[in-house]
$ cat target_21.cif   # mmCIF, C-alpha atoms
data_entry
loop_
_atom_site.label_atom_id
_atom_site.label_comp_id
_atom_site.auth_asym_id
_atom_site.auth_seq_id
_atom_site.Cartn_x
_atom_site.Cartn_y
_atom_site.Cartn_z
CA MET A 1 -17.52 19.19 -20.89
CA TRP A 2 -20.41 17.51 -22.64
CA THR A 3 -23.59 19.53 -23.10
CA TYR A 4 -26.64 18.15 -24.87
CA ASN A 5 -28.42 19.88 -27.75
CA LYS A 6 -31.95 18.68 -28.34
CA VAL A 7 -31.45 18.25 -32.08
CA LEU A 8 -29.85 15.60 -34.26
CA GLU A 9 -26.99 16.55 -36.53
CA TYR A 10 -28.72 14.63 -39.31
CA PRO A 11 -32.37 13.99 -38.42
CA VAL A 12 -34.26 11.00 -39.83
CA ASN A 13 -37.67 9.36 -39.65
CA ILE A 14 -37.63 5.61 -39.99
CA LYS A 15 -40.47 4.71 -42.36
CA CYS A 16 -39.81 1.00 -42.82
CA THR A 17 -38.72 -0.66 -39.60
CA ASP A 18 -36.18 -3.47 -39.89
CA PRO A 19 -35.04 -5.01 -36.58
CA LYS A 20 -32.11 -6.85 -38.16
CA LEU A 21 -30.74 -3.67 -39.70
CA ALA A 22 -31.46 -1.78 -36.47
CA LYS A 23 -29.21 -4.22 -34.63
CA VAL A 24 -26.35 -3.53 -37.01
CA ILE A 25 -26.84 0.23 -36.77
CA ILE A 26 -27.03 0.33 -32.98
CA SER A 27 -23.82 -1.70 -32.78
CA GLN A 28 -22.18 0.92 -35.01
CA TYR A 29 -23.06 3.38 -32.27
CA GLY A 30 -22.45 1.45 -29.07
CA GLY A 31 -20.81 -1.78 -30.19
CA PRO A 32 -17.18 -2.94 -29.89
CA ASP A 33 -16.06 -1.01 -32.99
CA GLY A 34 -18.67 1.68 -32.67
CA GLU A 35 -18.60 5.43 -32.36
CA LEU A 36 -18.81 5.39 -28.59
CA ALA A 37 -15.61 3.36 -28.28
CA ALA A 38 -13.94 5.48 -30.96
CA SER A 39 -14.86 8.72 -29.23
CA LEU A 40 -13.37 7.58 -25.93
CA ARG A 41 -10.21 6.45 -27.70
CA TYR A 42 -9.82 9.85 -29.37
CA LEU A 43 -10.49 11.65 -26.11
CA SER A 44 -7.91 9.51 -24.28
CA GLN A 45 -5.29 9.85 -27.00
CA ARG A 46 -5.45 13.64 -26.89
CA PHE A 47 -3.90 13.63 -23.40
CA GLY A 48 -0.67 12.19 -24.74
CA MET A 49 -0.63 14.11 -28.00
CA PRO A 50 2.24 16.62 -28.20
CA ASP A 51 1.13 18.31 -31.45
CA GLN A 52 -1.27 21.28 -31.12
CA THR A 53 -3.17 20.58 -34.34
CA ALA A 54 -3.59 16.90 -33.60
CA LYS A 55 -4.62 17.68 -30.02
CA ALA A 56 -7.41 19.91 -31.29
CA ILE A 57 -8.63 17.49 -33.94
CA LEU A 58 -8.65 14.58 -31.46
CA ASN A 59 -10.66 16.70 -29.03
CA ASP A 60 -13.17 17.90 -31.60
CA ILE A 61 -13.66 14.64 -33.49
CA GLY A 62 -13.92 12.75 -30.19
CA THR A 63 -16.66 15.17 -29.23
CA GLU A 64 -18.51 14.61 -32.53
CA GLU A 65 -18.29 10.84 -32.28
CA LEU A 66 -19.81 11.03 -28.84
CA ALA A 67 -22.90 12.90 -29.99
CA PRO A 68 -25.96 10.76 -30.74
CA MET B 1 -17.17 31.18 -27.59
CA LEU B 2 -19.49 32.67 -30.14
CA MET B 3 -18.37 35.93 -31.65
CA GLU B 4 -20.58 38.92 -31.08
CA GLU B 5 -18.42 41.37 -32.95
CA ASP B 6 -17.58 41.28 -36.61
CA ARG B 7 -14.10 39.78 -36.63
CA CYS B 8 -11.51 39.69 -39.38
CA CYS B 9 -11.87 39.95 -42.51
CA ASN B 10 -11.01 40.84 -46.05
CA CYS B 11 -13.70 38.85 -47.69
CA ASN B 12 -17.15 40.14 -48.24
CA ASN B 13 -19.99 37.85 -47.30
CA ASP B 14 -21.91 38.84 -50.43
CA ASN B 15 -19.15 37.43 -52.59
CA MET B 16 -19.26 34.04 -51.04
CA ASN B 17 -20.82 31.38 -53.14
CA VAL B 18 -21.36 29.18 -50.11
CA ASN B 19 -24.64 30.18 -48.60
CA ILE B 20 -27.06 28.56 -46.22
CA ASN B 21 -30.37 30.01 -47.17
CA LEU B 22 -33.58 28.12 -46.74
CA CYS B 23 -35.84 31.04 -46.10
CA ASP B 24 -35.14 34.67 -46.79
CA ASP B 25 -37.44 36.34 -44.34
CA LYS B 26 -36.65 35.24 -40.80
CA ASN B 27 -39.92 36.68 -39.49
CA GLU B 28 -42.00 34.48 -41.74
CA MET B 29 -40.22 31.27 -40.79
CA THR B 30 -42.32 28.50 -39.36
CA ARG B 31 -41.08 26.38 -36.48
CA LYS B 32 -40.03 23.61 -38.83
CA GLU B 33 -38.13 25.99 -41.06
CA MET B 34 -36.40 27.56 -38.07
CA LEU B 35 -35.35 24.20 -36.72
CA LYS B 36 -34.15 23.09 -40.12
CA LYS B 37 -32.05 26.20 -40.48
CA ILE B 38 -30.66 25.76 -36.95
CA LYS B 39 -29.61 22.24 -37.89
CA CYS B 40 -28.00 23.43 -41.13
CA LEU B 41 -26.10 26.15 -39.31
CA ARG B 42 -24.97 23.80 -36.56
CA PHE B 43 -23.73 21.31 -39.13
CA ALA B 44 -21.84 24.05 -40.97
CA VAL B 45 -20.28 25.41 -37.77
CA ILE B 46 -19.16 21.95 -36.62
CA GLU B 47 -17.67 20.98 -39.96
CA LEU B 48 -15.95 24.35 -40.42
CA ALA B 49 -14.47 24.03 -36.93
CA LEU B 50 -13.04 20.60 -37.78
CA TYR B 51 -11.62 22.02 -41.01
CA LEU B 52 -10.14 25.02 -39.22
CA ASP B 53 -8.42 22.74 -36.71
CA ILE B 54 -6.12 21.61 -39.49
CA HIS B 55 -6.31 24.75 -41.67
CA PRO B 56 -6.23 27.53 -39.06
CA ASP B 57 -4.93 30.13 -41.54
CA ASP B 58 -7.77 29.82 -44.04
CA THR B 59 -9.41 33.25 -43.73
CA LYS B 60 -12.38 32.38 -45.91
CA ALA B 61 -13.29 29.44 -43.71
CA LEU B 62 -12.75 31.59 -40.63
CA CYS B 63 -15.12 34.24 -42.00
CA LEU B 64 -17.77 31.67 -42.75
CA HIS B 65 -17.38 30.20 -39.29
CA ASN B 66 -17.85 33.61 -37.70
CA LYS B 67 -20.84 34.38 -39.89
CA TYR B 68 -22.61 31.08 -39.21
CA CYS B 69 -21.85 31.22 -35.47
CA LYS B 70 -23.50 34.60 -35.28
CA GLU B 71 -26.53 33.49 -37.30
CA LEU B 72 -26.82 30.31 -35.26
CA LYS B 73 -26.77 32.15 -31.97
CA GLU B 74 -29.39 34.65 -33.09
CA LEU B 75 -31.67 31.99 -34.49
CA CYS B 76 -31.30 29.70 -31.44
CA ASP B 77 -32.15 32.56 -29.10
CA LYS B 78 -35.19 33.39 -31.18
CA TYR B 79 -36.34 29.78 -31.41
CA GLN B 80 -35.88 29.04 -27.72
CA LYS B 81 -37.76 32.14 -26.67
CA VAL B 82 -40.87 30.84 -28.42
CA TYR B 83 -40.63 27.04 -28.53
CA GLY B 84 -38.63 26.14 -25.45
CA PRO B 85 -35.05 25.20 -24.70
CA LEU B 86 -32.68 23.34 -27.01
CA THR B 87 -30.12 23.02 -24.21
CA ILE B 88 -30.38 23.04 -20.44
CA GLU B 89 -28.37 26.24 -20.47
CA TYR B 90 -31.40 28.21 -21.58
CA PRO B 91 -33.23 29.72 -18.58
CA CYS B 92 -37.03 29.37 -18.38
CA ASN B 93 -39.59 30.47 -15.82
CA LYS B 94 -41.25 27.09 -16.14
CA TRP B 95 -39.27 23.88 -16.68
CA ARG B 96 -39.97 23.14 -20.36
CA TRP B 97 -37.18 20.67 -21.04
CA LEU B 98 -39.60 17.76 -20.59
CA GLU B 99 -42.27 19.03 -22.91
CA GLU B 100 -40.88 18.48 -26.39
CA PRO B 101 -40.26 15.03 -27.85
CA TRP B 102 -36.66 13.84 -27.89
CA PRO B 103 -34.97 13.65 -31.28
CA TRP B 104 -34.83 9.84 -31.26
CA GLU B 105 -38.55 9.71 -30.49
CA GLY B 106 -39.29 11.53 -33.73
CA GLY B 107 -38.72 15.15 -32.90
CA ILE B 108 -40.56 17.52 -35.14
CA ASP B 109 -38.47 17.88 -38.24
CA ASN B 110 -36.97 14.66 -39.46
CA VAL B 111 -36.08 13.44 -42.91
CA ASP B 112 -37.99 10.36 -44.03
CA LEU B 113 -35.97 7.22 -44.62
#
$ encode --input "target_21.cif" --output "structure tokens"
Amino acid sequence: MWTYNKVLEYPVNIKCTDPKLAKVIISQYGGPDGELAASLRYLSQRFGMPDQTAKAILNDIGTEELAP
Amino acid sequence: MLMEEDRCCNCNNDNMNVNINLCDDKNEMTRKEMLKKIKCLRFAVIELALYLDIHPDDTKALCLHNKYCKELKELCDKYQKVYGPLTIEYPCNKWRWLEEPWPWEGGIDNVDL
């Protein structure tokens, strides 16, 4: 189950705002080839994964990809 | 789950060259320093867990994981007692989850970019 921690894994302050770059970055998170899509793919693939090691790594990386 | 007891291990923590140490005296740590150390420890625990998934027999990594889990738990408990919850699983008498800024709204300890 997903639980939220009120910290970022790598925290940043944006000093110079750049809307064009922001668009690219946000699509890396939620876009068609972004982390959100990747995380759900990993988490779906683990259900059919027979290997114990691969099952664990799919579960744990899927979880990391999901975390904003 | 986090380990309370000292599990394993043949290796001595003093001999480890890998060390997360931003501030020696925990009592003198400011809020920023505490949060920074929590983030470091969380990062280390997460990455060690991913490593251990594919190298489950590496006792050195396992020791480090146990050590950092323990430190993380202690520090999180200490931080939350004073500054409010980091997760909704921390019980409070007053609902303090709304009080602190969210990380994406410029939480308190971010690196400048």
$ interface_residues --input "target_21.cif" --of "chain A" --to "chain B" --cutoff "6 Å" --atoms "all atoms listed in the file" --output "VMD selection string"
chain A and resid 5 to 7 11 to 15 57
$ write_last_selection --input "target_21.cif" --atoms "C-alpha atoms" --output "compact mmCIF listing (two decimals), in the frame of the given file"
# COMPACT_ATOMS: atom_id res chain seq x y z
CA ASN A 5 -28.42 19.88 -27.75
CA LYS A 6 -31.95 18.68 -28.34
CA VAL A 7 -31.45 18.25 -32.08
CA PRO A 11 -32.37 13.99 -38.42
CA VAL A 12 -34.26 11.00 -39.83
CA ASN A 13 -37.67 9.36 -39.65
CA ILE A 14 -37.63 5.61 -39.99
CA LYS A 15 -40.47 4.71 -42.36
CA ILE A 57 -8.63 17.49 -33.94
$ atom_distance --input "target_21.cif" --atom1 "atom CA of B:Lys67" --atom2 "atom CA of B:Arg96"
29.6 Å
$ resolve_selection --input "target_21.cif" --expression "the PyMOL selection byres ((chain A and resi 2) around 10)" --output "list in words"
Met1, Thr3, Tyr4, Asn5, Thr63, Leu66 and Ala67 of chain A
$ write_last_selection --input "target_21.cif" --atoms "C-alpha atoms" --output "PDB file, keeping the file's coordinate frame"
ATOM      1  CA  MET A   1     -17.520  19.190 -20.890  1.00  0.00           C
ATOM      2  CA  THR A   3     -23.590  19.530 -23.100  1.00  0.00           C
ATOM      3  CA  TYR A   4     -26.640  18.150 -24.870  1.00  0.00           C
ATOM      4  CA  ASN A   5     -28.420  19.880 -27.750  1.00  0.00           C
ATOM      5  CA  THR A  63     -16.660  15.170 -29.230  1.00  0.00           C
ATOM      6  CA  LEU A  66     -19.810  11.030 -28.840  1.00  0.00           C
ATOM      7  CA  ALA A  67     -22.900  12.900 -29.990  1.00  0.00           C
TER       8      ALA A  67
END
$ atom_distance --input "target_21.cif" --atom1 "atom CA of A:Glu65" --atom2 "atom CA of B:Ala61"
22.4 Å
$ resolve_selection --input "target_21.cif" --expression "the PyMOL selection byres ((chain B and resi 64) around 9)" --output "ChimeraX atom specification"
/B:13,16,18,44-45,48,59-63,65-69
$ write_last_selection --input "target_21.cif" --atoms "C-alpha atoms" --output "PDB file, in the frame of the given file"
ATOM      1  CA  ASN B  13     -19.990  37.850 -47.300  1.00  0.00           C
ATOM      2  CA  MET B  16     -19.260  34.040 -51.040  1.00  0.00           C
ATOM      3  CA  VAL B  18     -21.360  29.180 -50.110  1.00  0.00           C
ATOM      4  CA  ALA B  44     -21.840  24.050 -40.970  1.00  0.00           C
ATOM      5  CA  VAL B  45     -20.280  25.410 -37.770  1.00  0.00           C
ATOM      6  CA  LEU B  48     -15.950  24.350 -40.420  1.00  0.00           C
ATOM      7  CA  THR B  59      -9.410  33.250 -43.730  1.00  0.00           C
ATOM      8  CA  LYS B  60     -12.380  32.380 -45.910  1.00  0.00           C
ATOM      9  CA  ALA B  61     -13.290  29.440 -43.710  1.00  0.00           C
ATOM     10  CA  LEU B  62     -12.750  31.590 -40.630  1.00  0.00           C
ATOM     11  CA  CYS B  63     -15.120  34.240 -42.000  1.00  0.00           C
ATOM     12  CA  HIS B  65     -17.380  30.200 -39.290  1.00  0.00           C
ATOM     13  CA  ASN B  66     -17.850  33.610 -37.700  1.00  0.00           C
ATOM     14  CA  LYS B  67     -20.840  34.380 -39.890  1.00  0.00           C
ATOM     15  CA  TYR B  68     -22.610  31.080 -39.210  1.00  0.00           C
ATOM     16  CA  CYS B  69     -21.850  31.220 -35.470  1.00  0.00           C
TER      17      CYS B  69
END
$ resolve_selection --input "target_21.cif" --expression "the PyMOL selection byres ((chain A and resi 33-49) around 9)" --output "list of chain:residue names"
A:Ile26, A:Ser27, A:Gln28, A:Tyr29, A:Gly30, A:Gly31, A:Pro32, A:Pro50, A:Asp51, A:Gln52, A:Ala54, A:Lys55, A:Ala56, A:Ile57, A:Leu58, A:Asn59, A:Asp60, A:Ile61, A:Gly62, A:Thr63, A:Glu64, A:Glu65, A:Leu66, A:Ala67
$ atom_distance --input "target_21.cif" --atom1 "atom CA of B:Lys37" --atom2 "atom CA of B:Glu99"
21.6 Å
